[in-house]
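So this block is data_13.pdb, PDB, C-alpha atoms and all ligand atoms:
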ATOM      1  CA  MET R   1     148.078 322.218 119.005  1.00  0.00           C
ATOM      2  CA  ILE R   2     150.418 322.836 116.086  1.00  0.00           C
ATOM      3  CA  LYS R   3     150.087 326.263 114.469  1.00  0.00           C
ATOM      4  CA  ASN R   4     151.298 325.505 110.968  1.00  0.00           C
ATOM      5  CA  PHE R   5     150.149 321.964 110.509  1.00  0.00           C
ATOM      6  CA  ARG R   6     151.469 320.074 107.489  1.00  0.00           C
ATOM      7  CA  ALA R   7     149.852 316.826 106.436  1.00  0.00           C
ATOM      8  CA  VAL R   8     150.004 314.457 103.500  1.00  0.00           C
ATOM      9  CA  ILE R   9     147.177 312.090 102.605  1.00  0.00           C
ATOM     10  CA  LEU R  10     148.071 308.744 101.060  1.00  0.00           C
ATOM     11  CA  GLY R  11     145.955 305.944  99.655  1.00  0.00           C
ATOM     12  CA  ALA R  12     145.241 303.955  96.508  1.00  0.00           C
ATOM     13  CA  PRO R  13     143.514 305.575  93.533  1.00  0.00           C
ATOM     14  CA  GLY R  14     139.844 305.913  94.445  1.00  0.00           C
ATOM     15  CA  SER R  15     140.458 305.368  98.151  1.00  0.00           C
ATOM     16  CA  GLY R  16     138.707 308.649  98.895  1.00  0.00           C
ATOM     17  CA  LYS R  17     141.697 310.998  99.275  1.00  0.00           C
ATOM     18  CA  GLY R  18     139.855 313.763  97.429  1.00  0.00           C
ATOM     19  CA  THR R  19     136.619 313.298  99.394  1.00  0.00           C
ATOM     20  CA  ILE R  20     138.325 313.139 102.791  1.00  0.00           C
ATOM     21  CA  SER R  21     140.569 316.088 101.848  1.00  0.00           C
ATOM     22  CA  SER R  22     137.623 318.319 100.987  1.00  0.00           C
ATOM     23  CA  ARG R  23     136.021 317.461 104.322  1.00  0.00           C
ATOM     24  CA  ILE R  24     139.269 318.207 106.152  1.00  0.00           C
ATOM     25  CA  VAL R  25     139.652 321.657 104.594  1.00  0.00           C
ATOM     26  CA  ARG R  26     136.019 322.488 105.391  1.00  0.00           C
ATOM     27  CA  LYS R  27     136.619 321.767 109.091  1.00  0.00           C
ATOM     28  CA  PHE R  28     140.230 322.861 109.531  1.00  0.00           C
ATOM     29  CA  GLU R  29     142.039 325.889 108.238  1.00  0.00           C
ATOM     30  CA  MET R  30     144.328 324.090 105.819  1.00  0.00           C
ATOM     31  CA  LYS R  31     145.077 324.670 102.168  1.00  0.00           C
ATOM     32  CA  HIS R  32     144.283 321.657  99.979  1.00  0.00           C
ATOM     33  CA  ILE R  33     146.994 320.998  97.416  1.00  0.00           C
ATOM     34  CA  SER R  34     146.017 318.122  95.110  1.00  0.00           C
ATOM     35  CA  SER R  35     148.645 317.031  92.594  1.00  0.00           C
ATOM     36  CA  GLY R  36     146.026 315.296  90.417  1.00  0.00           C
ATOM     37  CA  ASP R  37     143.750 318.364  90.361  1.00  0.00           C
ATOM     38  CA  ILE R  38     146.664 320.649  89.448  1.00  0.00           C
ATOM     39  CA  LEU R  39     147.678 318.296  86.634  1.00  0.00           C
ATOM     40  CA  ARG R  40     144.099 318.026  85.317  1.00  0.00           C
ATOM     41  CA  LEU R  41     143.750 321.819  85.274  1.00  0.00           C
ATOM     42  CA  ASN R  42     146.992 322.050  83.311  1.00  0.00           C
ATOM     43  CA  ILE R  43     145.619 319.508  80.834  1.00  0.00           C
ATOM     44  CA  GLU R  44     142.343 321.423  80.499  1.00  0.00           C
ATOM     45  CA  GLN R  45     144.283 324.648  79.897  1.00  0.00           C
ATOM     46  CA  LYS R  46     146.634 322.858  77.483  1.00  0.00           C
ATOM     47  CA  THR R  47     149.803 324.143  79.171  1.00  0.00           C
ATOM     48  CA  PRO R  48     153.103 322.513  78.087  1.00  0.00           C
ATOM     49  CA  LEU R  49     153.282 320.766  81.463  1.00  0.00           C
ATOM     50  CA  GLY R  50     149.697 319.530  81.063  1.00  0.00           C
ATOM     51  CA  LEU R  51     150.284 318.185  77.553  1.00  0.00           C
ATOM     52  CA  ASP R  52     153.399 316.361  78.721  1.00  0.00           C
ATOM     53  CA  ALA R  53     151.767 314.941  81.864  1.00  0.00           C
ATOM     54  CA  GLN R  54     148.668 313.800  79.961  1.00  0.00           C
ATOM     55  CA  LYS R  55     150.642 311.128  78.095  1.00  0.00           C
ATOM     56  CA  TYR R  56     151.578 309.427  81.363  1.00  0.00           C
ATOM     57  CA  MET R  57     148.274 309.944  83.144  1.00  0.00           C
ATOM     58  CA  LYS R  58     146.111 308.570  80.333  1.00  0.00           C
ATOM     59  CA  GLN R  59     147.957 305.251  80.595  1.00  0.00           C
ATOM     60  CA  GLY R  60     147.753 305.219  84.379  1.00  0.00           C
ATOM     61  CA  ASN R  61     151.490 305.774  84.777  1.00  0.00           C
ATOM     62  CA  LEU R  62     153.201 308.205  87.138  1.00  0.00           C
ATOM     63  CA  VAL R  63     154.363 311.573  85.858  1.00  0.00           C
ATOM     64  CA  PRO R  64     158.196 311.719  86.220  1.00  0.00           C
ATOM     65  CA  ASP R  65     159.586 312.779  89.602  1.00  0.00           C
ATOM     66  CA  GLU R  66     161.442 315.854  88.235  1.00  0.00           C
ATOM     67  CA  VAL R  67     158.205 317.310  86.882  1.00  0.00           C
ATOM     68  CA  MET R  68     156.156 316.546  89.992  1.00  0.00           C
ATOM     69  CA  ILE R  69     158.765 317.716  92.478  1.00  0.00           C
ATOM     70  CA  GLY R  70     159.190 321.065  90.688  1.00  0.00           C
ATOM     71  CA  LEU R  71     155.433 321.549  90.498  1.00  0.00           C
ATOM     72  CA  ILE R  72     154.545 320.676  94.089  1.00  0.00           C
ATOM     73  CA  ILE R  73     157.535 322.236  95.842  1.00  0.00           C
ATOM     74  CA  GLY R  74     156.614 325.421  93.926  1.00  0.00           C
ATOM     75  CA  GLU R  75     153.079 325.265  95.384  1.00  0.00           C
ATOM     76  CA  ILE R  76     154.378 324.656  98.885  1.00  0.00           C
ATOM     77  CA  GLU R  77     156.737 327.589  98.689  1.00  0.00           C
ATOM     78  CA  LYS R  78     153.693 329.795  98.092  1.00  0.00           C
ATOM     79  CA  CYS R  79     152.393 328.778 101.551  1.00  0.00           C
ATOM     80  CA  LYS R  80     155.411 329.366 103.746  1.00  0.00           C
ATOM     81  CA  THR R  81     153.116 330.289 106.600  1.00  0.00           C
ATOM     82  CA  GLY R  82     149.886 328.431 107.166  1.00  0.00           C
ATOM     83  CA  SER R  83     148.745 324.853 107.284  1.00  0.00           C
ATOM     84  CA  TRP R  84     148.401 322.618 104.260  1.00  0.00           C
ATOM     85  CA  LEU R  85     147.219 319.209 103.202  1.00  0.00           C
ATOM     86  CA  LEU R  86     148.955 317.530 100.277  1.00  0.00           C
ATOM     87  CA  ASP R  87     146.841 315.036  98.342  1.00  0.00           C
ATOM     88  CA  GLY R  88     148.436 312.761  95.727  1.00  0.00           C
ATOM     89  CA  PHE R  89     152.013 313.736  96.571  1.00  0.00           C
ATOM     90  CA  PRO R  90     154.380 312.128  97.473  1.00  0.00           C
ATOM     91  CA  ARG R  91     153.905 309.010  95.365  1.00  0.00           C
ATOM     92  CA  THR R  92     157.533 307.793  95.351  1.00  0.00           C
ATOM     93  CA  LYS R  93     160.305 307.624  97.950  1.00  0.00           C
ATOM     94  CA  LYS R  94     162.248 310.301  96.068  1.00  0.00           C
ATOM     95  CA  GLN R  95     159.250 312.649  96.274  1.00  0.00           C
ATOM     96  CA  ALA R  96     158.804 311.897 100.002  1.00  0.00           C
ATOM     97  CA  GLU R  97     162.458 312.578 100.784  1.00  0.00           C
ATOM     98  CA  THR R  98     162.588 315.801  98.778  1.00  0.00           C
ATOM     99  CA  LEU R  99     159.397 317.066 100.389  1.00  0.00           C
ATOM    100  CA  TYR R 100     160.692 316.258 103.867  1.00  0.00           C
ATOM    101  CA  SER R 101     163.934 318.132 103.205  1.00  0.00           C
ATOM    102  CA  LYS R 102     161.999 321.261 102.131  1.00  0.00           C
ATOM    103  CA  ALA R 103     159.165 321.136 104.643  1.00  0.00           C
ATOM    104  CA  PRO R 104     158.998 318.443 107.309  1.00  0.00           C
ATOM    105  CA  VAL R 105     155.459 317.103 107.496  1.00  0.00           C
ATOM    106  CA  ASP R 106     153.678 316.614 110.832  1.00  0.00           C
ATOM    107  CA  THR R 107     151.550 313.668 109.843  1.00  0.00           C
ATOM    108  CA  ALA R 108     150.943 311.217 107.000  1.00  0.00           C
ATOM    109  CA  LEU R 109     147.338 309.985 106.833  1.00  0.00           C
ATOM    110  CA  ASN R 110     147.047 306.668 105.024  1.00  0.00           C
ATOM    111  CA  LEU R 111     143.592 305.541 103.831  1.00  0.00           C
ATOM    112  CA  ILE R 112     143.196 301.795 103.480  1.00  0.00           C
ATOM    113  CA  VAL R 113     140.245 300.613 101.387  1.00  0.00           C
ATOM    114  CA  PRO R 114     139.806 297.131  99.805  1.00  0.00           C
ATOM    115  CA  PHE R 115     140.694 297.087  96.075  1.00  0.00           C
ATOM    116  CA  ASP R 116     137.403 295.481  94.908  1.00  0.00           C
ATOM    117  CA  ILE R 117     135.453 298.362  96.427  1.00  0.00           C
ATOM    118  CA  ILE R 118     137.757 300.869  94.762  1.00  0.00           C
ATOM    119  CA  VAL R 119     137.286 299.445  91.273  1.00  0.00           C
ATOM    120  CA  ASP R 120     133.494 299.569  91.594  1.00  0.00           C
ATOM    121  CA  ARG R 121     133.563 303.072  93.003  1.00  0.00           C
ATOM    122  CA  ILE R 122     135.719 304.522  90.249  1.00  0.00           C
ATOM    123  CA  GLN R 123     133.333 303.354  87.517  1.00  0.00           C
ATOM    124  CA  LYS R 124     130.619 305.513  89.087  1.00  0.00           C
ATOM    125  CA  ARG R 125     132.736 308.571  89.712  1.00  0.00           C
ATOM    126  CA  TRP R 126     132.114 312.003  88.172  1.00  0.00           C
ATOM    127  CA  VAL R 127     134.268 315.066  88.865  1.00  0.00           C
ATOM    128  CA  HIS R 128     134.023 318.840  88.604  1.00  0.00           C
ATOM    129  CA  LEU R 129     137.412 319.712  87.145  1.00  0.00           C
ATOM    130  CA  PRO R 130     137.842 323.339  88.301  1.00  0.00           C
ATOM    131  CA  SER R 131     137.199 322.542  91.982  1.00  0.00           C
ATOM    132  CA  GLY R 132     138.112 318.866  92.150  1.00  0.00           C
ATOM    133  CA  ARG R 133     134.711 318.078  93.724  1.00  0.00           C
ATOM    134  CA  VAL R 134     133.937 314.393  93.388  1.00  0.00           C
ATOM    135  CA  TYR R 135     130.512 312.745  93.032  1.00  0.00           C
ATOM    136  CA  ASN R 136     129.427 309.128  92.912  1.00  0.00           C
ATOM    137  CA  THR R 137     126.200 308.154  91.181  1.00  0.00           C
ATOM    138  CA  ASP R 138     125.568 305.496  93.882  1.00  0.00           C
ATOM    139  CA  PHE R 139     126.048 307.256  97.184  1.00  0.00           C
ATOM    140  CA  ASN R 140     126.885 310.901  96.554  1.00  0.00           C
ATOM    141  CA  ALA R 141     124.984 311.838  93.410  1.00  0.00           C
ATOM    142  CA  PRO R 142     124.870 315.478  92.268  1.00  0.00           C
ATOM    143  CA  LYS R 143     121.516 317.211  92.800  1.00  0.00           C
ATOM    144  CA  VAL R 144     121.108 317.483  89.012  1.00  0.00           C
ATOM    145  CA  ALA R 145     122.610 314.598  87.022  1.00  0.00           C
ATOM    146  CA  GLY R 146     125.817 315.640  85.269  1.00  0.00           C
ATOM    147  CA  LEU R 147     126.084 319.065  86.941  1.00  0.00           C
ATOM    148  CA  ASP R 148     128.155 320.398  89.858  1.00  0.00           C
ATOM    149  CA  ASP R 149     126.013 321.291  92.917  1.00  0.00           C
ATOM    150  CA  VAL R 150     127.859 324.542  93.629  1.00  0.00           C
ATOM    151  CA  THR R 151     128.479 326.073  90.202  1.00  0.00           C
ATOM    152  CA  GLY R 152     126.024 324.183  87.969  1.00  0.00           C
ATOM    153  CA  GLU R 153     128.938 323.474  85.606  1.00  0.00           C
ATOM    154  CA  ARG R 154     129.272 320.150  83.821  1.00  0.00           C
ATOM    155  CA  LEU R 155     130.782 317.075  85.452  1.00  0.00           C
ATOM    156  CA  VAL R 156     133.106 314.762  83.566  1.00  0.00           C
ATOM    157  CA  GLN R 157     134.495 311.266  83.939  1.00  0.00           C
ATOM    158  CA  ARG R 158     138.270 311.205  84.191  1.00  0.00           C
ATOM    159  CA  GLU R 159     140.245 309.983  81.216  1.00  0.00           C
ATOM    160  CA  ASP R 160     142.177 307.634  83.517  1.00  0.00           C
ATOM    161  CA  ASP R 161     139.053 306.148  85.113  1.00  0.00           C
ATOM    162  CA  THR R 162     138.616 303.580  82.323  1.00  0.00           C
ATOM    163  CA  PRO R 163     138.841 299.968  83.616  1.00  0.00           C
ATOM    164  CA  ALA R 164     142.252 299.416  81.933  1.00  0.00           C
ATOM    165  CA  ALA R 165     143.789 302.618  83.313  1.00  0.00           C
ATOM    166  CA  VAL R 166     142.380 301.908  86.783  1.00  0.00           C
ATOM    167  CA  MET R 167     143.976 298.448  86.860  1.00  0.00           C
ATOM    168  CA  LYS R 168     147.262 299.991  85.767  1.00  0.00           C
ATOM    169  CA  ARG R 169     147.027 302.713  88.447  1.00  0.00           C
ATOM    170  CA  LEU R 170     146.329 300.136  91.161  1.00  0.00           C
ATOM    171  CA  ASP R 171     149.297 298.123  89.958  1.00  0.00           C
ATOM    172  CA  VAL R 172     151.611 301.165  89.920  1.00  0.00           C
ATOM    173  CA  TYR R 173     150.321 302.120  93.370  1.00  0.00           C
ATOM    174  CA  SER R 174     151.059 298.638  94.784  1.00  0.00           C
ATOM    175  CA  LYS R 175     154.584 298.814  93.435  1.00  0.00           C
ATOM    176  CA  THR R 176     155.514 302.357  94.453  1.00  0.00           C
ATOM    177  CA  LEU R 177     153.726 303.260  97.656  1.00  0.00           C
ATOM    178  CA  GLY R 178     155.413 300.733  99.990  1.00  0.00           C
ATOM    179  CA  PRO R 179     158.648 302.748 100.333  1.00  0.00           C
ATOM    180  CA  VAL R 180     156.658 305.963 100.918  1.00  0.00           C
ATOM    181  CA  ILE R 181     154.729 304.300 103.764  1.00  0.00           C
ATOM    182  CA  GLU R 182     157.995 302.946 105.201  1.00  0.00           C
ATOM    183  CA  PHE R 183     159.544 306.406 105.013  1.00  0.00           C
ATOM    184  CA  TYR R 184     156.775 307.979 107.115  1.00  0.00           C
ATOM    185  CA  LYS R 185     156.710 304.999 109.465  1.00  0.00           C
ATOM    186  CA  SER R 186     160.423 305.488 110.125  1.00  0.00           C
ATOM    187  CA  LYS R 187     159.719 309.117 111.012  1.00  0.00           C
ATOM    188  CA  GLY R 188     157.014 307.957 113.435  1.00  0.00           C
ATOM    189  CA  ILE R 189     154.268 310.034 111.797  1.00  0.00           C
ATOM    190  CA  LEU R 190     152.217 307.459 109.892  1.00  0.00           C
ATOM    191  CA  GLU R 191     148.512 307.267 110.835  1.00  0.00           C
ATOM    192  CA  GLU R 192     146.383 304.569 109.208  1.00  0.00           C
ATOM    193  CA  PHE R 193     142.618 304.604 108.714  1.00  0.00           C
ATOM    194  CA  SER R 194     140.784 301.587 107.311  1.00  0.00           C
ATOM    195  CA  GLY R 195     137.221 301.328 106.088  1.00  0.00           C
ATOM    196  CA  LYS R 196     134.936 300.556 103.169  1.00  0.00           C
ATOM    197  CA  ALA R 197     133.441 304.024 102.764  1.00  0.00           C
ATOM    198  CA  SER R 198     134.560 307.607 103.265  1.00  0.00           C
ATOM    199  CA  ASP R 199     131.696 308.071 105.740  1.00  0.00           C
ATOM    200  CA  GLU R 200     133.230 305.307 107.846  1.00  0.00           C
ATOM    201  CA  ILE R 201     136.764 306.725 107.649  1.00  0.00           C
ATOM    202  CA  TRP R 202     135.956 310.404 108.082  1.00  0.00           C
ATOM    203  CA  PRO R 203     134.968 310.405 111.804  1.00  0.00           C
ATOM    204  CA  MET R 204     138.279 308.721 112.683  1.00  0.00           C
ATOM    205  CA  VAL R 205     140.279 311.235 110.643  1.00  0.00           C
ATOM    206  CA  TYR R 206     138.335 314.106 112.179  1.00  0.00           C
ATOM    207  CA  LYS R 207     138.954 312.847 115.699  1.00  0.00           C
ATOM    208  CA  TYR R 208     142.648 312.385 115.054  1.00  0.00           C
ATOM    209  CA  LEU R 209     143.146 315.814 113.460  1.00  0.00           C
ATOM    210  CA  SER R 210     141.131 317.569 116.176  1.00  0.00           C
ATOM    211  CA  SER R 211     143.796 316.601 118.682  1.00  0.00           C
ATOM    212  CA  HIS R 212     146.488 318.336 116.585  1.00  0.00           C
ATOM    213  CA  ILE R 213     144.821 321.337 114.976  1.00  0.00           C
ATOM    214  CA  ALA R 214     141.859 323.397 116.144  1.00  0.00           C
ATOM    215  CA  PRO R 215     138.679 322.985 114.063  1.00  0.00           C
ATOM    216  CA  ILE R 216     137.388 326.177 112.409  1.00  0.00           C
ATOM    217  CA  SER R 217     134.381 326.040 114.713  1.00  0.00           C
ATOM    218  CA  GLN R 218     133.698 323.482 117.422  1.00  0.00           C
ATOM    219  CA  ASP R 219     129.966 323.805 116.715  1.00  0.00           C
ATOM    220  CA  VAL R 220     130.012 322.784 113.088  1.00  0.00           C
ATOM    221  CA  LYS R 221     128.491 319.349 112.553  1.00  0.00           C
ATOM    222  CA  ILE R 222     130.925 316.863 111.056  1.00  0.00           C
TER     223      ILE R 222
HETATM  224  P1  LIG H 301     142.215 309.301  93.105  1.00  0.00           P
HETATM  225  O1  LIG H 301     142.134 310.720  92.683  1.00  0.00           O
HETATM  226  O2  LIG H 301     141.098 308.452  92.678  1.00  0.00           O
HETATM  227  O3  LIG H 301     142.534 309.125  94.545  1.00  0.00           O
HETATM  228  P2  LIG H 301     144.749 308.859  92.047  1.00  0.00           P
HETATM  229  O4  LIG H 301     145.373 308.956  93.388  1.00  0.00           O
HETATM  230  O5  LIG H 301     145.311 307.839  91.119  1.00  0.00           O
HETATM  231  O6  LIG H 301     143.275 308.583  92.247  1.00  0.00           O
HETATM  232  P3  LIG H 301     145.319 311.557  91.301  1.00  0.00           P
HETATM  233  O7  LIG H 301     146.036 311.776  92.577  1.00  0.00           O
HETATM  234  O8  LIG H 301     144.283 312.501  90.915  1.00  0.00           O
HETATM  235  O9  LIG H 301     144.649 310.159  91.238  1.00  0.00           O
HETATM  236  O10 LIG H 301     146.399 311.417  90.139  1.00  0.00           O
HETATM  237  C1  LIG H 301     146.037 311.121  88.809  1.00  0.00           C
HETATM  238  C2  LIG H 301     147.277 310.841  87.998  1.00  0.00           C
HETATM  239  O11 LIG H 301     148.134 311.994  88.024  1.00  0.00           O
HETATM  240  C3  LIG H 301     148.153 309.692  88.502  1.00  0.00           C
HETATM  241  O12 LIG H 301     147.715 308.450  88.014  1.00  0.00           O
HETATM  242  C4  LIG H 301     149.515 310.099  87.940  1.00  0.00           C
HETATM  243  O13 LIG H 301     149.614 309.820  86.568  1.00  0.00           O
HETATM  244  C5  LIG H 301     149.496 311.611  88.081  1.00  0.00           C
HETATM  245  N1  LIG H 301     150.065 312.040  89.382  1.00  0.00           N
HETATM  246  C6  LIG H 301     149.418 312.711  90.371  1.00  0.00           C
HETATM  247  N2  LIG H 301     150.223 312.940  91.415  1.00  0.00           N
HETATM  248  C7  LIG H 301     151.430 312.407  91.074  1.00  0.00           C
HETATM  249  C8  LIG H 301     152.679 312.292  91.732  1.00  0.00           C
HETATM  250  N3  LIG H 301     152.863 312.773  92.960  1.00  0.00           N
HETATM  251  N4  LIG H 301     153.682 311.675  91.073  1.00  0.00           N
HETATM  252  C9  LIG H 301     153.522 311.184  89.835  1.00  0.00           C
HETATM  253  N5  LIG H 301     152.373 311.243  89.165  1.00  0.00           N
HETATM  254  C10 LIG H 301     151.334 311.840  89.768  1.00  0.00           C
HETATM  255 MG    MG H 302     142.542 312.333  93.807  1.00  0.00          MG
END
Could you render the structure from this file as structure tokens?
Amino acid sequence: MIKNFRAVILGAPGSGKGTISSRIVRKFEMKHISSGDILRLNIEQKTPLGLDAQKYMKQGNLVPDEVMIGLIIGEIEKCKTGSWLLDGFPRTKKQAETLYSKAPVDTALNLIVPFDIIVDRIQKRWVHLPSGRVYNTDFNAPKVAGLDDVTGERLVQREDDTPAAVMKRLDVYSKTLGPVIEFYKSKGILEEFSGKASDEIWPMVYKYLSSHIAPISQDVKI
């Protein structure tokens, strides 16, 4: 068992990184650091970084490496001790290399989901911005339509979940993620999980992680 376990979760937009990540941090003592959630909070709070990033995100483009690296390395430095799970970062080879030089990761989880399923799923997605909780009106609807189950606050659809922005994000993903995958493969730490639904992928991720990091409680149902 590794004491301070460091993982990154990779996958196309809408592949379920957020959903799988929230399940992971419920079962394992790891801090969830989501680049997309941090950016969206900055946009909501209208910080200079948020206003700058919004221009790229709205179009489905990547936020420049310099901005992202500064932001995420800053977050990681706040958790010098303890386990973490990075979601949405790295997205480019430069980001992967910089991260590895600051904090070698123990595993890279790659979620593989067919693109046609992703496109359909994103159209039905609603999010709670402050927590990053994700709902889907088909298979994971909130208890009350439009409201977060935990806080009762309003859910929104993401600005970059429009069909045009989704196509652009999938295109950017196809062009940029290959070298990131190769990077982790060359380090011998890439773990791939394929499936059509998060419920299908989750048991495999849980089983894999359980052999590296102790679950919070063995009795908790997965
Ligand atoms: P999903 O949340 O559906 O898995 P996603 O992976 O595209 O989709 P986020 O990770 O939330 O979504 O990111 C949303 C947007 O934020 C990206 O399209 C990009 O513009 C920006 N972004 C997030 N992380 C990074 C990063 N590491 N590098 C560059 N841009 C990023
Ligand atoms: Mg996400």
Q. Taking only C-alpha atoms and all ligand atoms into account, which residues are within 7 Å of ligand LIG 301 (chain H), as a PyMOL selection string?
A. chain R and resi 11-18+34-37+39+56-57+60-65+68+87-92+169
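Comparing the minimum interatomic distances between ligand MG 302 (chain H) and each of R:Lys207, R:Lys80, R:Lys102, R:His32, counting only C-alpha atoms and all ligand atoms, we find that R:His32 sits nearest.
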Apply the PyMOL selection byres (((chain R and resi 50) around 12) and not hetatm) to the file shown and report the selected residues as a PDB file with C-alpha atoms, in the coordinates of the input.
ATOM      1  CA  SER R  35     148.645 317.031  92.594  1.00  0.00           C
ATOM      2  CA  GLY R  36     146.026 315.296  90.417  1.00  0.00           C
ATOM      3  CA  ASP R  37     143.750 318.364  90.361  1.00  0.00           C
ATOM      4  CA  ILE R  38     146.664 320.649  89.448  1.00  0.00           C
ATOM      5  CA  LEU R  39     147.678 318.296  86.634  1.00  0.00           C
ATOM      6  CA  ARG R  40     144.099 318.026  85.317  1.00  0.00           C
ATOM      7  CA  LEU R  41     143.750 321.819  85.274  1.00  0.00           C
ATOM      8  CA  ASN R  42     146.992 322.050  83.311  1.00  0.00           C
ATOM      9  CA  ILE R  43     145.619 319.508  80.834  1.00  0.00           C
ATOM     10  CA  GLU R  44     142.343 321.423  80.499  1.00  0.00           C
ATOM     11  CA  GLN R  45     144.283 324.648  79.897  1.00  0.00           C
ATOM     12  CA  LYS R  46     146.634 322.858  77.483  1.00  0.00           C
ATOM     13  CA  THR R  47     149.803 324.143  79.171  1.00  0.00           C
ATOM     14  CA  PRO R  48     153.103 322.513  78.087  1.00  0.00           C
ATOM     15  CA  LEU R  49     153.282 320.766  81.463  1.00  0.00           C
ATOM     16  CA  LEU R  51     150.284 318.185  77.553  1.00  0.00           C
ATOM     17  CA  ASP R  52     153.399 316.361  78.721  1.00  0.00           C
ATOM     18  CA  ALA R  53     151.767 314.941  81.864  1.00  0.00           C
ATOM     19  CA  GLN R  54     148.668 313.800  79.961  1.00  0.00           C
ATOM     20  CA  LYS R  55     150.642 311.128  78.095  1.00  0.00           C
ATOM     21  CA  TYR R  56     151.578 309.427  81.363  1.00  0.00           C
ATOM     22  CA  MET R  57     148.274 309.944  83.144  1.00  0.00           C
ATOM     23  CA  LYS R  58     146.111 308.570  80.333  1.00  0.00           C
ATOM     24  CA  VAL R  63     154.363 311.573  85.858  1.00  0.00           C
ATOM     25  CA  VAL R  67     158.205 317.310  86.882  1.00  0.00           C
ATOM     26  CA  MET R  68     156.156 316.546  89.992  1.00  0.00           C
ATOM     27  CA  LEU R  71     155.433 321.549  90.498  1.00  0.00           C
TER      28      LEU R  71
END
(Q) Could you list, as a PyMOL selection string, every residue within 8 Å of Lys168 in chain R, counting only C-alpha atoms and ignoring same-chain residues fewer than 3 positions away? (A) chain R and resi 59-61+164-165+171-172
Write out, as a PDB file, in the frame of the given file, the residues just selected, with C-alpha atoms.
ATOM      1  CA  GLN R  59     147.957 305.251  80.595  1.00  0.00           C
ATOM      2  CA  GLY R  60     147.753 305.219  84.379  1.00  0.00           C
ATOM      3  CA  ASN R  61     151.490 305.774  84.777  1.00  0.00           C
ATOM      4  CA  ALA R 164     142.252 299.416  81.933  1.00  0.00           C
ATOM      5  CA  ALA R 165     143.789 302.618  83.313  1.00  0.00           C
ATOM      6  CA  ASP R 171     149.297 298.123  89.958  1.00  0.00           C
ATOM      7  CA  VAL R 172     151.611 301.165  89.920  1.00  0.00           C
TER       8      VAL R 172
END
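Compared by their closest atoms to ligand MG 302 (chain H), and using all atoms listed in the file, the residues R:Val134, R:Ile69, R:Leu209, R:Met167 rank with R:Val134 nearest.
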Q) Which residues come within 6 Å of range 104-106 of chain R, counting only C-alpha atoms, excluding same-chain residues fewer than 3 positions away, as a list in words? A) Arg6, Ala7 and Tyr100 of chain R
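With all atoms listed in the file as the basis for measurement, R:Lys196 is the residue among R:Lys3, R:Lys124, R:Lys27, R:Lys196 that approaches Ile112 in chain R most closely.
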Can you take the partial range 116-125 of chain R, add N, CA, C and O atoms, and return it as a CSV table (one decimal), in the coordinates of the input?
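See rebuild-v8.csv below for the written result:
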chain,number,residue,atom,x,y,z
R,116,ASP,N,138.6,295.8,95.7
R,116,ASP,CA,137.4,295.5,94.9
R,116,ASP,C,136.4,296.6,95.1
R,116,ASP,O,135.7,297.0,94.1
R,117,ILE,N,136.4,297.2,96.2
R,117,ILE,CA,135.5,298.4,96.4
R,117,ILE,C,135.9,299.6,95.6
R,117,ILE,O,135.1,300.3,95.0
R,118,ILE,N,137.2,299.8,95.5
R,118,ILE,CA,137.8,300.9,94.8
R,118,ILE,C,137.4,300.8,93.3
R,118,ILE,O,136.9,301.7,92.7
R,119,VAL,N,137.5,299.6,92.7
R,119,VAL,CA,137.3,299.4,91.3
R,119,VAL,C,135.8,299.8,91.0
R,119,VAL,O,135.5,300.6,90.0
R,120,ASP,N,134.9,299.3,91.8
R,120,ASP,CA,133.5,299.6,91.6
R,120,ASP,C,133.2,301.1,91.7
R,120,ASP,O,132.5,301.7,90.9
R,121,ARG,N,133.8,301.7,92.7
R,121,ARG,CA,133.6,303.1,93.0
R,121,ARG,C,134.0,304.0,91.9
R,121,ARG,O,133.3,304.9,91.5
R,122,ILE,N,135.2,303.7,91.3
R,122,ILE,CA,135.7,304.5,90.2
R,122,ILE,C,134.8,304.5,89.0
R,122,ILE,O,134.7,305.6,88.3
R,123,GLN,N,134.2,303.4,88.7
R,123,GLN,CA,133.3,303.4,87.5
R,123,GLN,C,132.2,304.3,87.6
R,123,GLN,O,131.6,304.8,86.6
R,124,LYS,N,131.8,304.7,88.9
R,124,LYS,CA,130.6,305.5,89.1
R,124,LYS,C,131.0,306.9,89.5
R,124,LYS,O,130.2,307.7,90.0
R,125,ARG,N,132.2,307.3,89.3
R,125,ARG,CA,132.7,308.6,89.7
R,125,ARG,C,132.6,309.7,88.6
R,125,ARG,O,133.0,309.4,87.5
